[in-house]
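Taking it in order: structure first as C-alpha cells, then the write-up.
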Amino acid sequence: MRARLLNAPIAAPGLLHSLRGLLSRHSTRALSTEEREDLTLAQLRATRPIVSGVLLCGAVLLAITALFDMAGVTPSIGYPVWSQLLASTVVAGCAAGVSRMVSWQHRLLLMLLATLITGIFMSMPLPGSTGQLALRTGLFQLLPLALMALMVRPVSLLALALLIVVMALLRIVLYGAPGTGSALYWLYTLTTIGFGLVLAGYRTDFAVSAWQMRRRLVRQAHTDELTGLLNRNGWNEHAVSAHARAVAAGVPVAVAVLDIDYFKRINDRHGHDGGDAVLQRLGDIMRTRVGANGCAARIGGEEFAVLLEGEDALSARAFAERVRGEFGKEQGGVVATLSAGIAEHRPGETLRDQMRRADGALYDAKREGRDRVNVADVS
C-alpha cells in the first residue's frame, strides 16, 4: 500500500501524458515542443474572446429565461427570478474575467464555474418543479458543446467533459431517470461530448494549417531566398530587438557590415549564375560562423550585415577576418574578396547609428584598397 502511494505522483504525470497523446491530433504530432507551445499560445489568443462570448451568451440565456418566468410565459423550475438574474450577473462576470485573465488555469476555473452555474439554473430544478426540463437541458447542452469545440489544452477538454458527465449523473441521482429512459439520456449526454471532441479536433487541424501558413509567410517575408539569411525586413525586426536586449542587459554588441569587392565584374565575367553562386557561398559561410541563433542578413545586393552580441570590436574584427579569409579562397574557378567595416556599440547609440559608423569603416576599407577589415573609432 505504501509503495502504491509513493508511486502515485510518478504515475500521475505518465497518465496525463497518455491522455494528452490520446487527445492529440495527427496534425500536431510532427511539431516540436517549442512549435507546439507556440501553436497553443496562438490558439489561446484566438479563442479566448470567443470563449468569453459563449459564456456571455449563457448569461443572456439565464436572463431571458428569468424574464420568461417573471412574465409567466414558461413553466418555472422553482428558482426565484432575482436568483436567476444574480446567476446571470455572476456568469457575465466570469465571461469578463476569462477575457482579461492571463493565467489559463484561472480562465479554466472561471469557465467551469460559469458552465456549472448555467447548468444548475437551466437544467436542475428545485424540488417539486420540473417544467420543460428536457427543453431547458437541451438549451444548456449547447453551451458546453460550443465550449468544447474551443478548448485548446487537453486538460481543459477533459475537465469540461468531466463536468458534463458529473452534472448528468447528478440529474439522475436527484430526479431519477427521464421518461425516455436512462439509456437515451446517457446517449444524448455522450453524443454532446463526442460532437464537442470532433469539433475541437477539426478546429485544431484548421488552426495548425493556418499557423503553418502564417509561419511560412513570415519566413518568406523575412528570409533572403538566395542565401537563406535574413533579408532587410528580417534584419529590421530581429536585429533591432536583439540589439535592444543586449544594450538593456549591458552586454557588449558589435555590428559588421560586409561587401563583396568588384561584384559587378564577377557578374560580367561569370554571368548571373556565377554571381549568385558567390552570394550563396558567402551566405553559407556567414550562417555557419554565426550559428542558428545569430543574426546575419543580406541587406541589399552584395552587402551583408552581422549583429554580434557579447562581442567587442576586437573579437568582431577577428570574426570578420575569418569570414574574409574563408571567402577569399578560390572556388569553381571564381576568386572573390570582400571588405568589412566594424562598429562597437557606444553608450546611447541606436542600431541605425551604429550601422552608419560601420558603413563608414567599410567605405574606408574600400578606399584603402579593398579586401580588408576596418574598425570604426569608438570615441
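By convention here, the chains of the C-alpha cells are called A, B, ... in the order presented, each chain's residues are numbered starting at 1, and ligands are numbered starting at 1 in the order presented.
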List the neighbours of Gly250 of chain A out to 12 Å using only C-alpha atoms; skip same-chain residues closer than 4 positions along the sequence, and give me the result as a PyMOL selection string.
chain A and resi 243-246+309-311+345-348
Where in segment 91-321 of chain A does DSSP assign strand (DSSP E), given as number ranges by chain?
A: 253-260, 295-300, 303-309
Could the residues in this selection be saved with all heavy atoms as a short mmCIF file (atom, residue, chain, number, x, y, z; two decimals), in the first residue's frame?
data_model
loop_
_atom_site.label_atom_id
_atom_site.label_comp_id
_atom_site.auth_asym_id
_atom_site.auth_seq_id
_atom_site.Cartn_x
_atom_site.Cartn_y
_atom_site.Cartn_z
N VAL A 253 27.98 44.73 -27.78
CA VAL A 253 27.41 44.31 -29.05
C VAL A 253 28.12 45.05 -30.18
O VAL A 253 28.36 46.26 -30.09
CB VAL A 253 25.88 44.55 -29.09
CG1 VAL A 253 25.54 46.00 -28.85
CG2 VAL A 253 25.28 44.06 -30.39
N ALA A 254 28.48 44.32 -31.20
CA ALA A 254 29.17 44.90 -32.35
C ALA A 254 28.41 44.59 -33.63
O ALA A 254 27.66 43.61 -33.69
CB ALA A 254 30.60 44.34 -32.45
N VAL A 255 28.59 45.43 -34.62
CA VAL A 255 27.96 45.24 -35.92
C VAL A 255 29.06 45.18 -36.97
O VAL A 255 30.01 45.99 -36.96
CB VAL A 255 27.00 46.39 -36.25
CG1 VAL A 255 26.53 46.31 -37.70
CG2 VAL A 255 25.80 46.36 -35.32
N ALA A 256 28.94 44.21 -37.87
CA ALA A 256 29.86 44.10 -39.00
C ALA A 256 29.06 44.24 -40.29
O ALA A 256 28.04 43.57 -40.46
CB ALA A 256 30.59 42.76 -38.97
N VAL A 257 29.51 45.12 -41.17
CA VAL A 257 28.90 45.28 -42.49
C VAL A 257 29.93 44.82 -43.52
O VAL A 257 31.07 45.30 -43.53
CB VAL A 257 28.49 46.74 -42.74
CG1 VAL A 257 27.90 46.89 -44.15
CG2 VAL A 257 27.49 47.21 -41.70
N LEU A 258 29.55 43.87 -44.36
CA LEU A 258 30.47 43.27 -45.33
C LEU A 258 29.96 43.50 -46.75
O LEU A 258 28.74 43.46 -47.00
CB LEU A 258 30.62 41.76 -45.08
CG LEU A 258 31.01 41.31 -43.67
CD1 LEU A 258 29.76 41.06 -42.81
CD2 LEU A 258 31.85 40.04 -43.70
N ASP A 259 30.89 43.72 -47.67
CA ASP A 259 30.51 43.97 -49.06
C ASP A 259 31.49 43.25 -49.98
O ASP A 259 32.71 43.33 -49.79
CB ASP A 259 30.53 45.48 -49.34
CG ASP A 259 29.96 45.82 -50.70
OD1 ASP A 259 28.74 45.99 -50.79
OD2 ASP A 259 30.74 45.91 -51.67
N ILE A 260 30.94 42.52 -50.97
CA ILE A 260 31.80 41.78 -51.91
C ILE A 260 32.47 42.77 -52.87
O ILE A 260 31.79 43.63 -53.46
CB ILE A 260 30.96 40.74 -52.69
CG1 ILE A 260 30.33 39.74 -51.72
CG2 ILE A 260 31.83 40.03 -53.72
CD1 ILE A 260 29.37 38.78 -52.38
N CYS A 295 22.43 36.54 -35.84
CA CYS A 295 21.63 37.49 -36.62
C CYS A 295 22.49 37.98 -37.78
O CYS A 295 23.28 38.90 -37.63
CB CYS A 295 21.19 38.65 -35.74
SG CYS A 295 19.88 39.64 -36.48
N ALA A 296 22.36 37.33 -38.92
CA ALA A 296 23.10 37.70 -40.12
C ALA A 296 22.12 37.91 -41.25
O ALA A 296 21.12 37.20 -41.37
CB ALA A 296 24.10 36.60 -40.49
N ALA A 297 22.39 38.90 -42.12
CA ALA A 297 21.42 39.25 -43.15
C ALA A 297 22.12 39.72 -44.42
O ALA A 297 23.24 40.24 -44.38
CB ALA A 297 20.49 40.36 -42.64
N ARG A 298 21.45 39.49 -45.51
CA ARG A 298 21.81 40.14 -46.78
C ARG A 298 20.89 41.36 -46.88
O ARG A 298 19.69 41.23 -47.11
CB ARG A 298 21.58 39.19 -47.95
CG ARG A 298 21.94 39.81 -49.31
CD ARG A 298 21.51 38.91 -50.44
NE ARG A 298 21.75 39.52 -51.74
CZ ARG A 298 21.16 39.12 -52.86
NH1 ARG A 298 20.32 38.07 -52.84
NH2 ARG A 298 21.42 39.73 -54.00
N ILE A 299 21.47 42.52 -46.70
CA ILE A 299 20.65 43.73 -46.58
C ILE A 299 20.50 44.47 -47.91
O ILE A 299 19.83 45.50 -47.98
CB ILE A 299 21.22 44.68 -45.50
CG1 ILE A 299 22.68 45.03 -45.78
CG2 ILE A 299 21.06 44.05 -44.13
CD1 ILE A 299 23.26 46.03 -44.77
N GLY A 300 21.13 43.93 -48.96
CA GLY A 300 20.93 44.54 -50.26
C GLY A 300 22.05 44.19 -51.22
O GLY A 300 23.22 44.30 -50.87
N GLU A 303 25.70 43.34 -50.29
CA GLU A 303 26.02 43.86 -48.95
C GLU A 303 25.36 43.00 -47.88
O GLU A 303 24.18 42.66 -47.98
CB GLU A 303 25.58 45.31 -48.82
CG GLU A 303 26.09 45.97 -47.55
CD GLU A 303 25.80 47.46 -47.52
OE1 GLU A 303 25.13 47.96 -48.44
OE2 GLU A 303 26.24 48.13 -46.56
N PHE A 304 26.16 42.65 -46.87
CA PHE A 304 25.69 41.79 -45.78
C PHE A 304 25.96 42.48 -44.45
O PHE A 304 26.80 43.37 -44.36
CB PHE A 304 26.42 40.44 -45.82
CG PHE A 304 26.14 39.62 -47.04
CD1 PHE A 304 26.67 39.95 -48.28
CD2 PHE A 304 25.32 38.49 -46.95
CE1 PHE A 304 26.41 39.18 -49.41
CE2 PHE A 304 25.05 37.72 -48.07
CZ PHE A 304 25.60 38.06 -49.30
N ALA A 305 25.24 42.04 -43.42
CA ALA A 305 25.43 42.61 -42.08
C ALA A 305 25.30 41.50 -41.04
O ALA A 305 24.56 40.53 -41.23
CB ALA A 305 24.41 43.71 -41.80
N VAL A 306 26.04 41.65 -39.94
CA VAL A 306 26.01 40.69 -38.84
C VAL A 306 25.94 41.45 -37.53
O VAL A 306 26.69 42.42 -37.34
CB VAL A 306 27.25 39.77 -38.83
CG1 VAL A 306 27.11 38.72 -37.74
CG2 VAL A 306 27.46 39.12 -40.17
N LEU A 307 25.04 41.03 -36.65
CA LEU A 307 24.98 41.56 -35.29
C LEU A 307 25.64 40.55 -34.37
O LEU A 307 25.24 39.38 -34.34
CB LEU A 307 23.54 41.81 -34.87
CG LEU A 307 23.35 42.45 -33.49
CD1 LEU A 307 23.68 43.93 -33.55
CD2 LEU A 307 21.92 42.25 -33.00
N LEU A 308 26.64 40.98 -33.62
CA LEU A 308 27.41 40.08 -32.77
C LEU A 308 27.21 40.47 -31.31
O LEU A 308 27.84 41.41 -30.80
CB LEU A 308 28.89 40.13 -33.15
CG LEU A 308 29.20 39.70 -34.61
CD1 LEU A 308 30.61 40.11 -35.00
CD2 LEU A 308 29.01 38.20 -34.77
N GLU A 309 26.30 39.75 -30.64
CA GLU A 309 26.05 40.02 -29.22
C GLU A 309 27.18 39.46 -28.38
O GLU A 309 27.69 38.37 -28.64
CB GLU A 309 24.73 39.38 -28.79
CG GLU A 309 23.50 39.97 -29.46
CD GLU A 309 22.22 39.33 -28.95
OE1 GLU A 309 21.92 39.47 -27.75
OE2 GLU A 309 21.53 38.68 -29.77
#
Non-local contacts of Lys329 of chain A (12 Å; only C-alpha atoms; under 5 positions in same chain excluded) as number ranges by chain:
A: 278, 281-282, 285, 322-324, 334-338
Keeping only N, CA and C atoms, write those residues as a compact mmCIF listing (two decimals), in the first residue's frame.
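Output file out-v3.txt follows:
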# COMPACT_ATOMS: atom_id res chain seq x y z
N VAL A 278 28.42 33.00 -55.85
CA VAL A 278 29.29 33.73 -54.92
C VAL A 278 28.48 34.23 -53.72
N ARG A 281 27.67 31.34 -51.49
CA ARG A 281 28.84 30.86 -50.73
C ARG A 281 29.09 31.75 -49.52
N LEU A 282 29.00 33.06 -49.70
CA LEU A 282 29.18 33.96 -48.56
C LEU A 282 28.06 33.75 -47.54
N ILE A 285 28.87 30.62 -45.53
CA ILE A 285 29.96 30.87 -44.58
C ILE A 285 29.45 31.64 -43.36
N ARG A 322 38.04 36.02 -40.22
CA ARG A 322 37.85 34.60 -40.53
C ARG A 322 36.92 34.42 -41.73
N VAL A 323 35.85 35.20 -41.75
CA VAL A 323 34.93 35.12 -42.89
C VAL A 323 35.64 35.56 -44.17
N ARG A 324 36.40 36.64 -44.08
CA ARG A 324 37.11 37.16 -45.26
C ARG A 324 38.13 36.14 -45.78
N VAL A 334 36.30 30.77 -59.52
CA VAL A 334 35.97 32.16 -59.19
C VAL A 334 36.72 32.57 -57.93
N VAL A 335 37.44 33.68 -58.02
CA VAL A 335 38.12 34.24 -56.86
C VAL A 335 37.42 35.55 -56.51
N ALA A 336 36.93 35.64 -55.29
CA ALA A 336 36.23 36.85 -54.84
C ALA A 336 36.77 37.26 -53.48
N THR A 337 36.75 38.54 -53.23
CA THR A 337 37.18 39.07 -51.93
C THR A 337 36.07 39.94 -51.38
N LEU A 338 36.23 40.28 -50.11
CA LEU A 338 35.24 41.18 -49.50
C LEU A 338 35.93 42.18 -48.60
Suppose you want the space between atom CA of Glu35 of chain A and atom CA of Phe206 of chain A; what is it in Å?
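Those two atoms sit 15.7 Å apart.
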May I ask which of the residues A:Val218, A:Trp211, A:Asp268, A:Leu150 is the closest one to Val198 of chain A, counting only C-alpha atoms?
A:Leu150
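Here atom CA of Leu169 of chain A and atom CA of Thr47 of chain A stand 29.2 Å from one another.
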Set the distance at 12 Å and use only C-alpha atoms: which residues neighbour Leu143 of chain A once local chain neighbours fewer than 2 positions away are removed? I'd like the list as a PDB file with N, CA and C atoms, in the first residue's frame.
ATOM      1  N   VAL A  51     -14.481  32.221 -26.338  1.00  0.00           N
ATOM      2  CA  VAL A  51     -14.928  31.536 -25.115  1.00  0.00           C
ATOM      3  C   VAL A  51     -15.680  32.510 -24.218  1.00  0.00           C
ATOM      4  N   SER A  52     -15.136  33.713 -24.083  1.00  0.00           N
ATOM      5  CA  SER A  52     -15.805  34.740 -23.277  1.00  0.00           C
ATOM      6  C   SER A  52     -17.184  35.060 -23.852  1.00  0.00           C
ATOM      7  N   GLY A  53     -17.263  35.124 -25.188  1.00  0.00           N
ATOM      8  CA  GLY A  53     -18.551  35.408 -25.825  1.00  0.00           C
ATOM      9  C   GLY A  53     -19.563  34.302 -25.613  1.00  0.00           C
ATOM     10  N   VAL A  54     -19.112  33.043 -25.659  1.00  0.00           N
ATOM     11  CA  VAL A  54     -20.021  31.919 -25.419  1.00  0.00           C
ATOM     12  C   VAL A  54     -20.559  31.961 -23.989  1.00  0.00           C
ATOM     13  N   LEU A  55     -19.687  32.244 -23.026  1.00  0.00           N
ATOM     14  CA  LEU A  55     -20.137  32.350 -21.633  1.00  0.00           C
ATOM     15  C   LEU A  55     -21.117  33.505 -21.466  1.00  0.00           C
ATOM     16  N   LEU A  56     -20.855  34.594 -22.177  1.00  0.00           N
ATOM     17  CA  LEU A  56     -21.781  35.732 -22.112  1.00  0.00           C
ATOM     18  C   LEU A  56     -23.141  35.351 -22.690  1.00  0.00           C
ATOM     19  N   CYS A  57     -23.136  34.519 -23.721  1.00  0.00           N
ATOM     20  CA  CYS A  57     -24.410  34.005 -24.263  1.00  0.00           C
ATOM     21  C   CYS A  57     -25.153  33.198 -23.209  1.00  0.00           C
ATOM     22  N   GLY A  58     -24.404  32.431 -22.396  1.00  0.00           N
ATOM     23  CA  GLY A  58     -25.030  31.701 -21.294  1.00  0.00           C
ATOM     24  C   GLY A  58     -25.676  32.641 -20.296  1.00  0.00           C
ATOM     25  N   ALA A  59     -24.991  33.755 -19.999  1.00  0.00           N
ATOM     26  CA  ALA A  59     -25.555  34.748 -19.075  1.00  0.00           C
ATOM     27  C   ALA A  59     -26.828  35.359 -19.648  1.00  0.00           C
ATOM     28  N   VAL A  60     -26.811  35.662 -20.946  1.00  0.00           N
ATOM     29  CA  VAL A  60     -28.001  36.228 -21.595  1.00  0.00           C
ATOM     30  C   VAL A  60     -29.150  35.215 -21.572  1.00  0.00           C
ATOM     31  N   LEU A  61     -28.815  33.934 -21.806  1.00  0.00           N
ATOM     32  CA  LEU A  61     -29.834  32.889 -21.780  1.00  0.00           C
ATOM     33  C   LEU A  61     -30.489  32.797 -20.403  1.00  0.00           C
ATOM     34  N   LEU A  62     -29.686  32.879 -19.338  1.00  0.00           N
ATOM     35  CA  LEU A  62     -30.245  32.856 -17.977  1.00  0.00           C
ATOM     36  C   LEU A  62     -31.152  34.059 -17.740  1.00  0.00           C
ATOM     37  N   MET A 111     -14.376  29.417 -16.385  1.00  0.00           N
ATOM     38  CA  MET A 111     -15.233  28.805 -17.406  1.00  0.00           C
ATOM     39  C   MET A 111     -16.058  27.658 -16.812  1.00  0.00           C
ATOM     40  N   LEU A 112     -15.402  26.810 -16.015  1.00  0.00           N
ATOM     41  CA  LEU A 112     -16.107  25.685 -15.397  1.00  0.00           C
ATOM     42  C   LEU A 112     -17.167  26.188 -14.416  1.00  0.00           C
ATOM     43  N   ALA A 114     -18.762  29.121 -14.523  1.00  0.00           N
ATOM     44  CA  ALA A 114     -19.873  29.694 -15.291  1.00  0.00           C
ATOM     45  C   ALA A 114     -20.732  28.599 -15.908  1.00  0.00           C
ATOM     46  N   THR A 115     -20.092  27.542 -16.412  1.00  0.00           N
ATOM     47  CA  THR A 115     -20.851  26.432 -17.000  1.00  0.00           C
ATOM     48  C   THR A 115     -21.691  25.722 -15.943  1.00  0.00           C
ATOM     49  N   LEU A 116     -21.111  25.527 -14.769  1.00  0.00           N
ATOM     50  CA  LEU A 116     -21.844  24.860 -13.677  1.00  0.00           C
ATOM     51  C   LEU A 116     -23.054  25.683 -13.248  1.00  0.00           C
ATOM     52  N   ILE A 117     -22.855  26.986 -13.062  1.00  0.00           N
ATOM     53  CA  ILE A 117     -23.967  27.848 -12.633  1.00  0.00           C
ATOM     54  C   ILE A 117     -25.073  27.849 -13.683  1.00  0.00           C
ATOM     55  N   THR A 118     -24.684  27.975 -14.946  1.00  0.00           N
ATOM     56  CA  THR A 118     -25.682  27.967 -16.017  1.00  0.00           C
ATOM     57  C   THR A 118     -26.429  26.638 -16.042  1.00  0.00           C
ATOM     58  N   GLY A 119     -25.697  25.533 -15.870  1.00  0.00           N
ATOM     59  CA  GLY A 119     -26.331  24.220 -15.874  1.00  0.00           C
ATOM     60  C   GLY A 119     -27.297  24.030 -14.734  1.00  0.00           C
ATOM     61  N   MET A 122     -30.425  26.198 -15.367  1.00  0.00           N
ATOM     62  CA  MET A 122     -31.144  25.855 -16.589  1.00  0.00           C
ATOM     63  C   MET A 122     -31.711  24.447 -16.569  1.00  0.00           C
ATOM     64  N   ARG A 136     -35.040  22.784 -21.476  1.00  0.00           N
ATOM     65  CA  ARG A 136     -34.032  23.586 -20.781  1.00  0.00           C
ATOM     66  C   ARG A 136     -32.664  22.893 -20.822  1.00  0.00           C
ATOM     67  N   THR A 137     -32.683  21.572 -20.598  1.00  0.00           N
ATOM     68  CA  THR A 137     -31.425  20.820 -20.651  1.00  0.00           C
ATOM     69  C   THR A 137     -30.832  20.881 -22.051  1.00  0.00           C
ATOM     70  N   GLY A 138     -31.674  20.777 -23.063  1.00  0.00           N
ATOM     71  CA  GLY A 138     -31.182  20.874 -24.440  1.00  0.00           C
ATOM     72  C   GLY A 138     -30.554  22.224 -24.728  1.00  0.00           C
ATOM     73  N   LEU A 139     -31.189  23.298 -24.236  1.00  0.00           N
ATOM     74  CA  LEU A 139     -30.606  24.632 -24.411  1.00  0.00           C
ATOM     75  C   LEU A 139     -29.250  24.739 -23.713  1.00  0.00           C
ATOM     76  N   PHE A 140     -29.206  24.201 -22.480  1.00  0.00           N
ATOM     77  CA  PHE A 140     -27.942  24.269 -21.737  1.00  0.00           C
ATOM     78  C   PHE A 140     -26.831  23.498 -22.437  1.00  0.00           C
ATOM     79  N   GLN A 141     -27.145  22.327 -22.996  1.00  0.00           N
ATOM     80  CA  GLN A 141     -26.112  21.489 -23.606  1.00  0.00           C
ATOM     81  C   GLN A 141     -25.420  22.177 -24.784  1.00  0.00           C
ATOM     82  N   LEU A 145     -21.153  22.248 -25.490  1.00  0.00           N
ATOM     83  CA  LEU A 145     -20.796  21.783 -26.830  1.00  0.00           C
ATOM     84  C   LEU A 145     -19.946  22.831 -27.541  1.00  0.00           C
ATOM     85  N   ALA A 146     -20.383  24.093 -27.480  1.00  0.00           N
ATOM     86  CA  ALA A 146     -19.606  25.170 -28.108  1.00  0.00           C
ATOM     87  C   ALA A 146     -18.266  25.360 -27.410  1.00  0.00           C
ATOM     88  N   LEU A 147     -18.265  25.255 -26.088  1.00  0.00           N
ATOM     89  CA  LEU A 147     -17.017  25.447 -25.340  1.00  0.00           C
ATOM     90  C   LEU A 147     -16.008  24.345 -25.643  1.00  0.00           C
ATOM     91  N   MET A 148     -16.460  23.110 -25.739  1.00  0.00           N
ATOM     92  CA  MET A 148     -15.547  22.004 -26.032  1.00  0.00           C
ATOM     93  C   MET A 148     -14.874  22.200 -27.390  1.00  0.00           C
ATOM     94  N   ALA A 149     -15.629  22.710 -28.356  1.00  0.00           N
ATOM     95  CA  ALA A 149     -15.051  22.954 -29.676  1.00  0.00           C
ATOM     96  C   ALA A 149     -13.957  24.004 -29.631  1.00  0.00           C
ATOM     97  N   LEU A 150     -13.955  24.845 -28.589  1.00  0.00           N
ATOM     98  CA  LEU A 150     -12.986  25.935 -28.493  1.00  0.00           C
ATOM     99  C   LEU A 150     -11.805  25.616 -27.579  1.00  0.00           C
ATOM    100  N   LEU A 160     -13.862  19.856 -18.910  1.00  0.00           N
ATOM    101  CA  LEU A 160     -15.211  20.217 -19.342  1.00  0.00           C
ATOM    102  C   LEU A 160     -16.065  18.974 -19.591  1.00  0.00           C
ATOM    103  N   ILE A 164     -19.585  17.819 -17.599  1.00  0.00           N
ATOM    104  CA  ILE A 164     -20.838  17.429 -18.262  1.00  0.00           C
ATOM    105  C   ILE A 164     -21.336  16.088 -17.710  1.00  0.00           C
ATOM    106  N   THR A 192     -23.208  14.643 -26.977  1.00  0.00           N
ATOM    107  CA  THR A 192     -22.766  16.040 -26.819  1.00  0.00           C
ATOM    108  C   THR A 192     -21.252  16.107 -26.664  1.00  0.00           C
ATOM    109  N   ILE A 193     -20.709  15.251 -25.805  1.00  0.00           N
ATOM    110  CA  ILE A 193     -19.257  15.218 -25.604  1.00  0.00           C
ATOM    111  C   ILE A 193     -18.553  14.789 -26.882  1.00  0.00           C
ATOM    112  N   GLY A 196     -18.514  17.527 -29.369  1.00  0.00           N
ATOM    113  CA  GLY A 196     -17.554  18.549 -28.919  1.00  0.00           C
ATOM    114  C   GLY A 196     -16.129  18.156 -29.234  1.00  0.00           C
TER     115      GLY A 196
END
Check the DSSP output for the backbone and give back, as JSON, numbers by chain, the residues of segment 124-229 of chain A in alpha helix (DSSP H).
{"A": [133, 134, 135, 136, 137, 138, 139, 140, 141, 142, 143, 144, 145, 146, 147, 148, 149, 150, 154, 155, 156, 157, 158, 159, 160, 161, 162, 163, 164, 165, 166, 167, 168, 169, 170, 171, 172, 173, 174, 175, 182, 183, 184, 185, 186, 187, 188, 189, 190, 191, 192, 193, 194, 195, 196, 197, 198, 199, 200, 201, 202, 203, 204, 205, 206, 207, 208, 209, 210, 211, 212, 213, 214, 215, 216, 217, 218, 219, 220, 221, 222]}
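Considering the residues A:Met124, A:Val173, A:Ala340, A:Val98 and counting only C-alpha atoms, Asp261 of chain A has its shortest atom-to-atom contact with A:Ala340.
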List the spatial neighbours of Arg356 of chain A as an MDAnalysis selection string - criterion: any atom at most 12 Å away, only C-alpha atoms, same-chain residues fewer than 3 positions off excluded.
chainID A and resid 255:257 305 341:345 349:353 359:363 376
Can you write just those residues out, N, CA and C atoms, as a PDB file, in the first residue's frame?
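Output file out_2.pdb is given in full below:
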ATOM      1  N   VAL A 255      28.594  45.428 -34.623  1.00  0.00           N
ATOM      2  CA  VAL A 255      27.965  45.242 -35.924  1.00  0.00           C
ATOM      3  C   VAL A 255      29.061  45.181 -36.974  1.00  0.00           C
ATOM      4  N   ALA A 256      28.939  44.209 -37.871  1.00  0.00           N
ATOM      5  CA  ALA A 256      29.864  44.099 -39.001  1.00  0.00           C
ATOM      6  C   ALA A 256      29.061  44.238 -40.289  1.00  0.00           C
ATOM      7  N   VAL A 257      29.512  45.115 -41.170  1.00  0.00           N
ATOM      8  CA  VAL A 257      28.904  45.283 -42.493  1.00  0.00           C
ATOM      9  C   VAL A 257      29.926  44.822 -43.519  1.00  0.00           C
ATOM     10  N   ALA A 305      25.238  42.043 -43.416  1.00  0.00           N
ATOM     11  CA  ALA A 305      25.427  42.606 -42.079  1.00  0.00           C
ATOM     12  C   ALA A 305      25.304  41.497 -41.043  1.00  0.00           C
ATOM     13  N   GLY A 341      33.406  46.537 -42.494  1.00  0.00           N
ATOM     14  CA  GLY A 341      33.510  47.609 -41.506  1.00  0.00           C
ATOM     15  C   GLY A 341      32.905  47.155 -40.197  1.00  0.00           C
ATOM     16  N   ILE A 342      33.588  47.465 -39.093  1.00  0.00           N
ATOM     17  CA  ILE A 342      33.159  47.035 -37.758  1.00  0.00           C
ATOM     18  C   ILE A 342      32.853  48.261 -36.914  1.00  0.00           C
ATOM     19  N   ALA A 343      31.792  48.196 -36.135  1.00  0.00           N
ATOM     20  CA  ALA A 343      31.483  49.265 -35.181  1.00  0.00           C
ATOM     21  C   ALA A 343      31.024  48.646 -33.879  1.00  0.00           C
ATOM     22  N   GLU A 344      31.716  48.986 -32.804  1.00  0.00           N
ATOM     23  CA  GLU A 344      31.293  48.554 -31.467  1.00  0.00           C
ATOM     24  C   GLU A 344      30.327  49.576 -30.899  1.00  0.00           C
ATOM     25  N   HIS A 345      29.357  49.105 -30.117  1.00  0.00           N
ATOM     26  CA  HIS A 345      28.314  49.985 -29.601  1.00  0.00           C
ATOM     27  C   HIS A 345      28.875  51.045 -28.667  1.00  0.00           C
ATOM     28  N   GLU A 349      23.734  54.872 -28.240  1.00  0.00           N
ATOM     29  CA  GLU A 349      23.694  54.755 -29.692  1.00  0.00           C
ATOM     30  C   GLU A 349      22.623  53.746 -30.118  1.00  0.00           C
ATOM     31  N   THR A 350      21.867  54.085 -31.154  1.00  0.00           N
ATOM     32  CA  THR A 350      20.890  53.150 -31.710  1.00  0.00           C
ATOM     33  C   THR A 350      21.585  52.230 -32.711  1.00  0.00           C
ATOM     34  N   LEU A 351      20.889  51.182 -33.107  1.00  0.00           N
ATOM     35  CA  LEU A 351      21.446  50.273 -34.112  1.00  0.00           C
ATOM     36  C   LEU A 351      21.683  51.005 -35.423  1.00  0.00           C
ATOM     37  N   ARG A 352      20.770  51.889 -35.798  1.00  0.00           N
ATOM     38  CA  ARG A 352      20.937  52.648 -37.042  1.00  0.00           C
ATOM     39  C   ARG A 352      22.227  53.482 -36.999  1.00  0.00           C
ATOM     40  N   ASP A 353      22.468  54.150 -35.866  1.00  0.00           N
ATOM     41  CA  ASP A 353      23.686  54.955 -35.729  1.00  0.00           C
ATOM     42  C   ASP A 353      24.933  54.075 -35.783  1.00  0.00           C
ATOM     43  N   ASP A 359      29.264  51.358 -41.696  1.00  0.00           N
ATOM     44  CA  ASP A 359      29.301  51.690 -43.131  1.00  0.00           C
ATOM     45  C   ASP A 359      30.475  52.603 -43.439  1.00  0.00           C
ATOM     46  N   GLY A 360      30.705  53.574 -42.555  1.00  0.00           N
ATOM     47  CA  GLY A 360      31.846  54.478 -42.749  1.00  0.00           C
ATOM     48  C   GLY A 360      33.168  53.718 -42.736  1.00  0.00           C
ATOM     49  N   ALA A 361      33.290  52.760 -41.814  1.00  0.00           N
ATOM     50  CA  ALA A 361      34.509  51.952 -41.761  1.00  0.00           C
ATOM     51  C   ALA A 361      34.636  51.089 -43.014  1.00  0.00           C
ATOM     52  N   LEU A 362      33.515  50.595 -43.540  1.00  0.00           N
ATOM     53  CA  LEU A 362      33.544  49.806 -44.775  1.00  0.00           C
ATOM     54  C   LEU A 362      34.028  50.659 -45.950  1.00  0.00           C
ATOM     55  N   TYR A 363      33.506  51.868 -46.059  1.00  0.00           N
ATOM     56  CA  TYR A 363      33.943  52.747 -47.159  1.00  0.00           C
ATOM     57  C   TYR A 363      35.428  53.059 -47.054  1.00  0.00           C
ATOM     58  N   ALA A 376      35.610  51.030 -36.904  1.00  0.00           N
ATOM     59  CA  ALA A 376      35.275  52.430 -36.655  1.00  0.00           C
ATOM     60  C   ALA A 376      35.786  52.858 -35.299  1.00  0.00           C
TER      61      ALA A 376
END
Would you mind listing what lies within 10 Å of Ala221 of chain A as an MDAnalysis selection string, with only C-alpha atoms counted and same-chain residues fewer than 6 positions away left out?
chainID A and resid 215 230:234
Which one of A:Met286, A:Ile120, A:Ala71, A:Ala316 sits closest to Ser83 of chain A if you count only C-alpha atoms?
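Of all the options, A:Ile120 lies closest to Ser83 of chain A.
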